[in-house]
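Trainee: Handing over run_36.cif, mmCIF, C-alpha atoms.
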data_entry
#
loop_
_atom_site.label_atom_id
_atom_site.label_comp_id
_atom_site.auth_asym_id
_atom_site.auth_seq_id
_atom_site.Cartn_x
_atom_site.Cartn_y
_atom_site.Cartn_z
CA MET A 1 23.88 -71.44 -54.59
CA LYS A 2 25.61 -74.39 -52.94
CA ILE A 3 23.85 -77.54 -51.73
CA LEU A 4 25.44 -80.06 -49.37
CA ILE A 5 24.58 -83.74 -49.81
CA VAL A 6 25.43 -86.05 -46.91
CA GLU A 7 24.89 -89.57 -48.22
CA ASP A 8 27.04 -92.70 -47.97
CA ASP A 9 25.34 -94.48 -50.88
CA ALA A 10 27.58 -93.39 -53.76
CA ARG A 11 24.94 -94.14 -56.40
CA ILE A 12 22.25 -92.05 -54.73
CA ALA A 13 24.68 -89.24 -53.96
CA ALA A 14 25.86 -89.15 -57.58
CA GLN A 15 22.31 -89.11 -58.96
CA VAL A 16 21.18 -86.33 -56.64
CA ALA A 17 24.33 -84.31 -57.26
CA LYS A 18 23.91 -84.65 -61.04
CA GLY A 19 20.26 -83.54 -60.87
CA LEU A 20 20.94 -80.55 -58.62
CA THR A 21 23.89 -79.48 -60.77
CA HIS A 22 21.68 -79.64 -63.86
CA ALA A 23 19.15 -77.48 -61.98
CA GLY A 24 21.79 -74.78 -61.57
CA PHE A 25 23.16 -75.46 -58.09
CA SER A 26 26.75 -76.12 -57.13
CA VAL A 27 26.99 -79.30 -55.08
CA GLU A 28 29.33 -80.79 -52.51
CA VAL A 29 29.07 -84.35 -51.19
CA ALA A 30 30.08 -85.78 -47.82
CA ALA A 31 30.08 -89.57 -47.44
CA ASP A 32 29.83 -89.76 -43.64
CA GLY A 33 28.20 -87.87 -40.81
CA LEU A 34 31.34 -86.39 -39.29
CA GLU A 35 32.48 -84.92 -42.59
CA GLY A 36 28.95 -83.68 -43.20
CA LEU A 37 28.85 -81.96 -39.81
CA GLU A 38 32.20 -80.25 -40.43
CA ARG A 39 31.16 -79.00 -43.87
CA ALA A 40 27.69 -77.87 -42.78
CA ALA A 41 29.00 -76.05 -39.71
CA GLY A 42 31.48 -74.20 -41.94
CA GLY A 43 28.61 -72.39 -43.66
CA GLY A 44 28.18 -71.26 -47.23
CA TYR A 45 25.33 -73.63 -48.16
CA ALA A 46 21.77 -72.71 -49.13
CA ALA A 47 20.44 -76.10 -47.97
CA ALA A 48 21.51 -79.64 -47.10
CA VAL A 49 20.16 -83.08 -48.00
CA VAL A 50 21.04 -85.50 -45.20
CA ASP A 51 20.54 -89.27 -45.05
CA VAL A 52 19.61 -90.77 -41.68
CA MET A 53 21.81 -93.88 -41.76
CA LEU A 54 25.39 -92.61 -42.02
CA PRO A 55 28.76 -93.96 -40.85
CA GLY A 56 30.61 -92.01 -38.19
CA LEU A 57 27.61 -89.97 -37.07
CA ASP A 58 23.99 -90.64 -37.95
CA GLY A 59 21.95 -87.99 -39.74
CA LEU A 60 19.68 -87.04 -36.86
CA SER A 61 22.63 -86.57 -34.49
CA LEU A 62 24.33 -84.47 -37.17
CA ILE A 63 21.29 -82.18 -37.36
CA GLU A 64 20.95 -81.97 -33.58
CA ARG A 65 24.61 -80.89 -33.26
CA LEU A 66 24.12 -78.25 -35.94
CA ARG A 67 21.12 -76.82 -34.11
CA GLU A 68 23.02 -76.87 -30.80
CA ARG A 69 25.69 -74.72 -32.48
CA GLY A 70 23.06 -72.31 -33.73
CA VAL A 71 23.43 -73.32 -37.38
CA ARG A 72 20.07 -72.72 -39.08
CA LEU A 73 20.94 -74.37 -42.39
CA PRO A 74 17.73 -75.72 -44.00
CA VAL A 75 17.88 -79.54 -44.01
CA ILE A 76 15.90 -82.18 -45.88
CA ILE A 77 16.14 -85.62 -44.26
CA LEU A 78 16.33 -88.74 -46.44
CA SER A 79 15.30 -92.05 -44.91
CA ALA A 80 14.23 -95.53 -45.94
CA LYS A 81 11.79 -95.48 -43.01
CA ARG A 82 8.30 -94.23 -43.83
CA SER A 83 6.52 -94.38 -40.47
CA VAL A 84 4.96 -91.28 -38.93
CA ASP A 85 7.04 -91.79 -35.78
CA GLU A 86 10.26 -91.65 -37.81
CA ARG A 87 9.16 -88.45 -39.54
CA VAL A 88 8.32 -86.89 -36.18
CA ARG A 89 11.75 -87.89 -34.84
CA GLY A 90 13.42 -86.26 -37.79
CA LEU A 91 11.53 -83.01 -37.46
CA ARG A 92 12.08 -82.91 -33.70
CA ALA A 93 15.81 -83.36 -34.27
CA GLY A 94 15.76 -80.10 -36.20
CA GLY A 95 15.09 -81.23 -39.77
CA ASP A 96 12.99 -78.91 -41.93
CA ASP A 97 11.55 -81.55 -44.26
CA TYR A 98 11.49 -85.33 -44.58
CA LEU A 99 11.55 -87.43 -47.74
CA ALA A 100 11.23 -91.22 -47.72
CA LYS A 101 13.27 -93.43 -50.03
CA PRO A 102 12.77 -94.26 -52.83
CA PHE A 103 11.88 -90.76 -54.00
CA SER A 104 11.53 -88.94 -57.31
CA PHE A 105 14.19 -86.36 -58.01
CA SER A 106 11.55 -83.86 -59.18
CA GLU A 107 9.98 -83.96 -55.72
CA LEU A 108 13.35 -83.54 -54.01
CA LEU A 109 14.16 -80.55 -56.24
CA ALA A 110 10.77 -78.96 -55.51
CA ARG A 111 11.36 -79.36 -51.78
CA VAL A 112 14.90 -77.95 -51.98
CA ASN A 113 13.61 -74.89 -53.84
CA ALA A 114 10.75 -74.48 -51.36
CA LEU A 115 13.16 -74.58 -48.39
CA ILE A 116 15.43 -72.02 -50.00
CA ARG A 117 12.51 -69.72 -50.79
CA ARG A 118 11.33 -69.94 -47.18
CA SER A 119 14.79 -69.22 -45.80
CA THR A 120 15.35 -66.27 -48.15
CA GLY A 121 11.86 -64.78 -47.94
CA GLU A 122 10.85 -65.77 -51.49
CA ILE A 123 7.84 -67.83 -50.40
CA GLU A 124 5.14 -65.83 -52.10
CA ASN A 125 6.99 -65.12 -55.31
CA PRO A 126 9.23 -67.82 -56.80
CA ARG A 127 10.06 -65.42 -59.63
CA LEU A 128 12.98 -63.01 -59.74
CA ARG A 129 12.80 -59.90 -61.93
CA ALA A 130 15.32 -57.24 -62.87
CA GLY A 131 16.56 -55.44 -65.96
CA GLY A 132 13.65 -56.64 -68.09
CA LEU A 133 14.46 -60.26 -67.23
CA THR A 134 12.32 -62.77 -65.34
CA LEU A 135 13.43 -66.04 -63.77
CA ASP A 136 10.79 -68.59 -62.80
CA LEU A 137 12.58 -70.64 -60.16
CA ALA A 138 9.92 -73.34 -59.96
CA ALA A 139 9.79 -73.91 -63.72
CA HIS A 140 13.52 -73.24 -64.16
CA ALA A 141 12.68 -70.87 -67.03
CA ALA A 142 14.00 -67.48 -68.13
CA ARG A 143 12.31 -64.73 -70.13
CA ARG A 144 13.12 -61.28 -71.47
CA GLY A 145 9.83 -59.50 -71.81
CA GLU A 146 7.46 -62.01 -73.38
CA ARG A 147 10.16 -64.11 -75.07
CA GLU A 148 11.60 -67.23 -73.52
CA VAL A 149 15.38 -67.49 -73.28
CA VAL A 150 16.82 -71.00 -73.23
CA LEU A 151 19.69 -71.24 -70.75
CA GLN A 152 22.01 -74.04 -69.75
CA ALA A 153 22.18 -74.88 -66.05
CA ARG A 154 25.31 -72.84 -65.29
CA GLU A 155 23.97 -69.85 -67.27
CA PHE A 156 20.72 -70.03 -65.31
CA ALA A 157 22.66 -70.16 -62.02
CA LEU A 158 24.72 -67.11 -63.01
CA LEU A 159 21.65 -65.12 -64.04
CA ARG A 160 19.93 -66.10 -60.80
CA PHE A 161 22.91 -64.83 -58.83
CA LEU A 162 23.09 -61.56 -60.80
CA ILE A 163 19.35 -60.89 -60.49
CA SER A 164 19.48 -61.64 -56.75
CA HIS A 165 22.12 -58.88 -56.51
CA ALA A 166 20.57 -56.56 -59.11
CA GLY A 167 22.00 -53.04 -58.97
CA ARG A 168 24.93 -54.20 -56.83
CA PRO A 169 28.36 -55.05 -58.26
CA VAL A 170 29.54 -58.61 -57.70
CA SER A 171 33.15 -59.69 -58.02
CA LYS A 172 34.46 -62.60 -60.08
CA ALA A 173 35.39 -64.31 -56.82
CA MET A 174 31.79 -64.06 -55.59
CA ILE A 175 30.48 -65.49 -58.84
CA LEU A 176 32.99 -68.33 -58.84
CA GLU A 177 32.15 -69.28 -55.27
CA ASN A 178 28.36 -69.10 -55.68
CA VAL A 179 27.96 -70.49 -59.18
CA TRP A 180 30.79 -73.07 -59.21
CA GLY A 181 31.20 -73.55 -55.49
CA TYR A 182 34.96 -73.15 -55.17
CA ASP A 183 37.49 -70.50 -54.25
CA PHE A 184 38.77 -67.89 -56.68
CA ASP A 185 41.72 -68.66 -58.91
CA PRO A 186 43.03 -65.39 -60.38
CA GLN A 187 44.34 -67.29 -63.42
CA THR A 188 40.98 -68.67 -64.53
CA ASN A 189 38.76 -66.97 -67.09
CA VAL A 190 35.71 -69.21 -66.66
CA VAL A 191 33.67 -66.33 -65.21
CA ASP A 192 34.40 -64.08 -68.18
CA VAL A 193 33.51 -66.86 -70.61
CA LEU A 194 30.22 -67.62 -68.85
CA VAL A 195 29.25 -63.93 -68.65
CA CYS A 196 29.95 -63.62 -72.38
CA ARG A 197 27.72 -66.62 -73.11
CA LEU A 198 24.95 -65.22 -70.95
CA ARG A 199 25.13 -61.82 -72.67
CA ASP A 200 24.88 -63.56 -76.04
CA LYS A 201 21.55 -65.01 -74.94
CA VAL A 202 19.86 -62.40 -72.73
CA ASP A 203 21.25 -59.10 -74.08
CA LYS A 204 22.56 -59.16 -77.64
CA PRO A 205 19.50 -60.66 -79.39
CA PHE A 206 17.35 -57.95 -77.79
CA GLY A 207 19.67 -54.98 -78.31
CA ALA A 208 19.96 -54.68 -74.53
CA LYS A 209 22.92 -54.09 -72.18
CA SER A 210 21.68 -55.35 -68.84
CA ILE A 211 24.94 -56.92 -67.67
CA ARG A 212 27.70 -54.35 -67.32
CA THR A 213 31.40 -54.81 -66.63
CA ILE A 214 32.86 -52.67 -63.86
CA ARG A 215 36.61 -52.60 -64.36
CA GLY A 216 38.57 -53.76 -61.35
CA VAL A 217 35.39 -54.85 -59.58
CA GLY A 218 33.35 -57.36 -61.56
CA TYR A 219 29.86 -57.23 -63.03
CA VAL A 220 26.48 -55.73 -62.27
CA LEU A 221 23.01 -56.44 -63.63
CA ASP A 222 21.06 -53.19 -63.87
CA ALA A 223 17.88 -53.24 -61.82
#
As C-alpha coordinates - that is how I would like this structure written.
Mentor:
Amino acid sequence: MKILIVEDDARIAAQVAKGLTHAGFSVEVAADGLEGLERAAGGGYAAAVVDVMLPGLDGLSLIERLRERGVRLPVIILSAKRSVDERVRGLRAGGDDYLAKPFSFSELLARVNALIRRSTGEIENPRLRAGGLTLDLAAHAARRGEREVVLQAREFALLRFLISHAGRPVSKAMILENVWGYDFDPQTNVVDVLVCRLRDKVDKPFGAKSIRTIRGVGYVLDA
(Lines of atoms letter the chains of each structure in order from A and count residues from 1; the text may use other names and numbers.)
(Lines give C-alpha, C1' and ligand atoms only; values in the text may rest on other atoms or scores of the structure.)
Protein backbone atom coordinates (compact mmCIF):
# COMPACT_ATOMS: atom_id res chain seq x y z
CA MET A 1 0.00 0.00 0.00
CA LYS A 2 1.22 3.49 -0.86
CA ILE A 3 1.11 6.47 1.50
CA LEU A 4 1.55 10.07 0.36
CA ILE A 5 3.32 12.50 2.69
CA VAL A 6 2.90 16.20 1.92
CA GLU A 7 5.35 18.00 4.20
CA ASP A 8 7.86 20.78 3.50
CA ASP A 9 9.96 20.09 6.59
CA ALA A 10 12.53 17.67 5.17
CA ARG A 11 13.45 16.28 8.59
CA ILE A 12 9.88 15.45 9.55
CA ALA A 13 9.10 14.07 6.10
CA ALA A 14 12.17 11.81 6.22
CA GLN A 15 11.35 10.52 9.71
CA VAL A 16 7.74 9.76 8.84
CA ALA A 17 8.71 8.16 5.54
CA LYS A 18 11.31 5.96 7.25
CA GLY A 19 8.81 4.83 9.90
CA LEU A 20 6.04 4.05 7.41
CA THR A 21 8.46 2.20 5.15
CA HIS A 22 9.60 0.11 8.12
CA ALA A 23 5.92 -0.62 8.84
CA GLY A 24 5.56 -2.13 5.37
CA PHE A 25 4.16 0.75 3.33
CA SER A 26 5.61 2.26 0.19
CA VAL A 27 5.92 6.01 0.57
CA GLU A 28 6.06 9.04 -1.69
CA VAL A 29 6.83 12.58 -0.49
CA ALA A 30 5.71 15.92 -1.89
CA ALA A 31 7.39 19.06 -0.53
CA ASP A 32 4.71 21.60 -1.46
CA GLY A 33 0.95 21.79 -1.72
CA LEU A 34 0.68 21.97 -5.49
CA GLU A 35 2.81 18.86 -5.99
CA GLY A 36 0.84 17.14 -3.23
CA LEU A 37 -2.46 17.98 -4.92
CA GLU A 38 -1.25 16.65 -8.27
CA ARG A 39 0.00 13.39 -6.76
CA ALA A 40 -3.06 12.84 -4.57
CA ALA A 41 -5.50 13.56 -7.41
CA GLY A 42 -3.66 10.99 -9.54
CA GLY A 43 -4.80 8.20 -7.23
CA GLY A 44 -3.10 5.01 -6.15
CA TYR A 45 -2.66 5.92 -2.47
CA ALA A 46 -4.21 4.22 0.55
CA ALA A 47 -3.95 7.39 2.65
CA ALA A 48 -2.20 10.77 2.84
CA VAL A 49 -0.48 12.67 5.64
CA VAL A 50 -0.76 16.39 4.93
CA ASP A 51 0.83 19.32 6.80
CA VAL A 52 -1.22 22.51 7.10
CA MET A 53 1.52 25.06 6.46
CA LEU A 54 2.83 24.32 2.96
CA PRO A 55 4.38 26.46 0.20
CA GLY A 56 2.44 26.87 -3.01
CA LEU A 57 -0.88 25.70 -1.59
CA ASP A 58 -1.73 25.26 2.07
CA GLY A 59 -2.84 21.87 3.37
CA LEU A 60 -6.48 22.74 4.02
CA SER A 61 -6.91 24.21 0.53
CA LEU A 62 -5.27 21.09 -0.89
CA ILE A 63 -7.82 18.89 0.88
CA GLU A 64 -10.74 21.10 -0.13
CA ARG A 65 -9.70 20.88 -3.81
CA LEU A 66 -9.42 17.11 -3.55
CA ARG A 67 -12.93 16.85 -2.13
CA GLU A 68 -14.27 19.21 -4.81
CA ARG A 69 -12.88 16.79 -7.41
CA GLY A 70 -14.55 13.87 -5.69
CA VAL A 71 -11.29 12.35 -4.43
CA ARG A 72 -12.08 10.44 -1.22
CA LEU A 73 -8.49 9.68 -0.25
CA PRO A 74 -8.27 9.35 3.56
CA VAL A 75 -6.23 12.27 4.93
CA ILE A 76 -4.54 12.88 8.28
CA ILE A 77 -3.79 16.56 8.90
CA LEU A 78 -0.57 17.56 10.67
CA SER A 79 -0.45 20.96 12.35
CA ALA A 80 1.53 22.83 14.98
CA LYS A 81 -1.76 24.40 16.12
CA ARG A 82 -3.56 22.54 18.89
CA SER A 83 -6.73 24.61 19.40
CA VAL A 84 -10.17 23.06 19.03
CA ASP A 85 -11.07 25.67 16.42
CA GLU A 86 -8.12 24.62 14.25
CA ARG A 87 -9.11 20.97 14.49
CA VAL A 88 -12.68 21.83 13.52
CA ARG A 89 -11.39 23.81 10.52
CA GLY A 90 -9.34 20.87 9.40
CA LEU A 91 -12.18 18.40 9.64
CA ARG A 92 -14.59 20.78 7.92
CA ALA A 93 -12.10 21.17 5.06
CA GLY A 94 -12.45 17.44 4.46
CA GLY A 95 -9.71 15.95 6.63
CA ASP A 96 -10.43 12.59 8.22
CA ASP A 97 -8.16 12.95 11.25
CA TYR A 98 -6.02 15.63 12.89
CA LEU A 99 -2.71 15.22 14.69
CA ALA A 100 -0.93 18.09 16.44
CA LYS A 101 2.84 18.52 16.30
CA PRO A 102 4.97 17.32 17.97
CA PHE A 103 3.55 13.80 17.73
CA SER A 104 4.76 10.27 18.39
CA PHE A 105 5.24 8.14 15.31
CA SER A 106 3.46 5.21 16.98
CA GLU A 107 0.31 7.32 17.26
CA LEU A 108 0.58 8.45 13.63
CA LEU A 109 1.00 4.83 12.49
CA ALA A 110 -2.00 3.72 14.54
CA ARG A 111 -4.12 6.47 12.98
CA VAL A 112 -2.94 5.65 9.45
CA ASN A 113 -3.85 1.99 9.96
CA ALA A 114 -7.22 2.95 11.45
CA LEU A 115 -8.05 5.18 8.46
CA ILE A 116 -7.11 2.45 6.02
CA ARG A 117 -9.19 -0.13 7.89
CA ARG A 118 -12.19 2.21 7.82
CA SER A 119 -11.81 2.92 4.12
CA THR A 120 -11.40 -0.77 3.23
CA GLY A 121 -14.04 -2.16 5.59
CA GLU A 122 -11.56 -3.77 7.99
CA ILE A 123 -12.76 -1.83 11.05
CA GLU A 124 -13.94 -4.73 13.13
CA ASN A 125 -11.13 -7.12 12.30
CA PRO A 126 -7.59 -5.77 11.91
CA ARG A 127 -6.44 -9.31 11.16
CA LEU A 128 -6.15 -10.90 7.74
CA ARG A 129 -6.30 -14.69 7.38
CA ALA A 130 -5.75 -17.05 4.47
CA GLY A 131 -3.90 -20.25 3.69
CA GLY A 132 -3.24 -21.01 7.35
CA LEU A 133 -1.58 -17.61 7.81
CA THR A 134 -2.68 -14.73 10.03
CA LEU A 135 -1.54 -11.11 9.85
CA ASP A 136 -2.22 -8.84 12.80
CA LEU A 137 -2.13 -5.40 11.22
CA ALA A 138 -2.21 -3.50 14.50
CA ALA A 139 0.66 -5.47 16.06
CA HIS A 140 2.47 -5.86 12.72
CA ALA A 141 2.84 -9.58 13.45
CA ALA A 142 2.53 -12.73 11.33
CA ARG A 143 1.67 -16.29 12.35
CA ARG A 144 1.24 -19.68 10.74
CA GLY A 145 -1.07 -21.62 12.98
CA GLU A 146 0.14 -20.96 16.51
CA ARG A 147 3.74 -20.14 15.56
CA GLU A 148 4.98 -16.61 15.04
CA VAL A 149 6.82 -15.86 11.81
CA VAL A 150 9.31 -12.99 11.93
CA LEU A 151 9.12 -10.92 8.75
CA GLN A 152 11.01 -7.89 7.53
CA ALA A 153 8.94 -4.87 6.52
CA ARG A 154 8.91 -5.60 2.78
CA GLU A 155 8.10 -9.29 3.40
CA PHE A 156 5.20 -8.25 5.63
CA ALA A 157 3.94 -5.85 2.95
CA LEU A 158 4.08 -8.58 0.30
CA LEU A 159 2.26 -11.09 2.49
CA ARG A 160 -0.36 -8.47 3.32
CA PHE A 161 -0.91 -7.85 -0.40
CA LEU A 162 -1.13 -11.58 -1.19
CA ILE A 163 -3.55 -12.30 1.67
CA SER A 164 -5.70 -9.34 0.64
CA HIS A 165 -5.98 -11.00 -2.80
CA ALA A 166 -6.13 -14.60 -1.53
CA GLY A 167 -7.32 -17.03 -4.19
CA ARG A 168 -6.77 -14.47 -6.95
CA PRO A 169 -3.63 -14.35 -9.11
CA VAL A 170 -1.60 -11.16 -8.91
CA SER A 171 0.98 -10.14 -11.49
CA LYS A 172 4.55 -9.09 -10.81
CA ALA A 173 3.62 -5.61 -11.99
CA MET A 174 0.84 -5.41 -9.38
CA ILE A 175 3.20 -6.53 -6.64
CA LEU A 176 5.91 -4.09 -7.69
CA GLU A 177 3.47 -1.18 -7.75
CA ASN A 178 1.79 -1.99 -4.42
CA VAL A 179 4.76 -3.21 -2.40
CA TRP A 180 7.50 -0.95 -3.81
CA GLY A 181 5.35 1.83 -5.18
CA TYR A 182 6.79 2.13 -8.68
CA ASP A 183 6.04 0.97 -12.19
CA PHE A 184 7.04 -2.43 -13.54
CA ASP A 185 10.46 -2.94 -15.05
CA PRO A 186 10.46 -6.22 -16.99
CA GLN A 187 14.21 -6.58 -16.39
CA THR A 188 14.03 -6.59 -12.60
CA ASN A 189 13.84 -9.76 -10.52
CA VAL A 190 13.17 -8.11 -7.16
CA VAL A 191 9.67 -9.61 -7.00
CA ASP A 192 10.95 -13.14 -7.55
CA VAL A 193 13.64 -12.66 -4.91
CA LEU A 194 11.16 -11.32 -2.35
CA VAL A 195 8.64 -14.11 -3.03
CA CYS A 196 11.44 -16.65 -2.54
CA ARG A 197 12.39 -15.06 0.78
CA LEU A 198 8.78 -15.06 1.92
CA ARG A 199 8.33 -18.72 0.99
CA ASP A 200 11.46 -19.58 2.98
CA LYS A 201 9.77 -18.13 6.06
CA VAL A 202 6.05 -18.90 5.78
CA ASP A 203 5.99 -22.12 3.72
CA LYS A 204 9.16 -24.20 3.77
CA PRO A 205 9.63 -24.51 7.56
CA PHE A 206 6.05 -25.79 7.82
CA GLY A 207 6.05 -28.13 4.83
CA ALA A 208 3.39 -25.92 3.23
CA LYS A 209 2.92 -24.55 -0.30
CA SER A 210 0.61 -21.60 0.19
CA ILE A 211 2.22 -19.30 -2.39
CA ARG A 212 2.03 -20.74 -5.89
CA THR A 213 3.61 -19.54 -9.11
CA ILE A 214 1.31 -19.25 -12.11
CA ARG A 215 3.48 -19.22 -15.20
CA GLY A 216 2.95 -16.20 -17.41
CA VAL A 217 0.69 -14.59 -14.82
CA GLY A 218 2.34 -14.16 -11.43
CA TYR A 219 1.58 -15.58 -8.01
CA VAL A 220 -1.41 -16.60 -5.92
CA LEU A 221 -1.82 -17.30 -2.21
CA ASP A 222 -4.29 -20.15 -1.74
CA ALA A 223 -7.28 -19.14 0.36
Trainee: Name the residues that the PyMOL selection byres ((chain A and resi 143) around 12) pulls out of this structure, and write them as a PyMOL selection string.
Mentor: chain A and resi 127-137+139-142+144-151+156+159+201-203+206
Trainee: Would you pick out the contacts of A:Leu57 at 12 Å or less, using all atoms listed in the file, so that residues sharing its chain but fewer than 6 positions from it are not included, and give the list as a count of residues only?
Mentor: 17
Trainee: Give the answer as one residue: which of A:Lys2, A:Arg89, A:Arg118, A:Arg69 has the shortest atom-to-atom distance to A:Phe25, using only C-alpha atoms?
Mentor: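 For A:Phe25, the nearest of the candidates is A:Lys2.
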Trainee: Kindly give the distance, in Å, that separates atom CA of A:Ala173 and atom CA of A:Val75, rounded to a single decimal.
Mentor: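 Spanning atom CA of A:Ala173 to atom CA of A:Val75 is a straight-line distance of 26.5 Å.
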Trainee: How many Å lie between atom CA of A:Ala100 and atom CA of A:Arg39, rounded to one decimal?
Mentor: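 If I compute the distance from atom CA of A:Ala100 to atom CA of A:Arg39, I get 23.7 Å.
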Trainee: Using all atoms listed in the file, what residues lie at most 7 Å away from (18.9, -77.0, -39.0) (file coordinates), given as a PyMOL selection string?
Mentor: chain A and resi 63+66-67+71-75+94-96
Trainee: Return as a count of residues only the set of residues that the PyMOL selection byres ((chain A and resi 20) around 12) yields on the displayed structure.
Mentor: 37
Trainee: For a cut-off of 10 Å around (13.5, -97.0, -51.2), file coordinates, pick out all residues using all atoms listed in the file and list them as an MDAnalysis selection string.
Mentor: chainID A and resid 78:82 100:103
Trainee: Take atom CA of A:Ile214 and atom CA of A:Asp200 and report the distance between them in Å, one decimal.
Mentor: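 Taking atom CA of A:Ile214 as the start and atom CA of A:Asp200 as the end point, the length is 18.2 Å.
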Trainee: Give, as AutoDock Vina command-line options, the centre coordinates and the x, y and z edge lengths in Å to one decimal for an axis-aligned box around all listed atoms of stretch 53-62 of chain A, padded by 8 Å on each side.
Mentor:
--center_x 25.1 --center_y -89.2 --center_z -38.3 --size_x 26.9 --size_y 25.5 --size_z 23.5
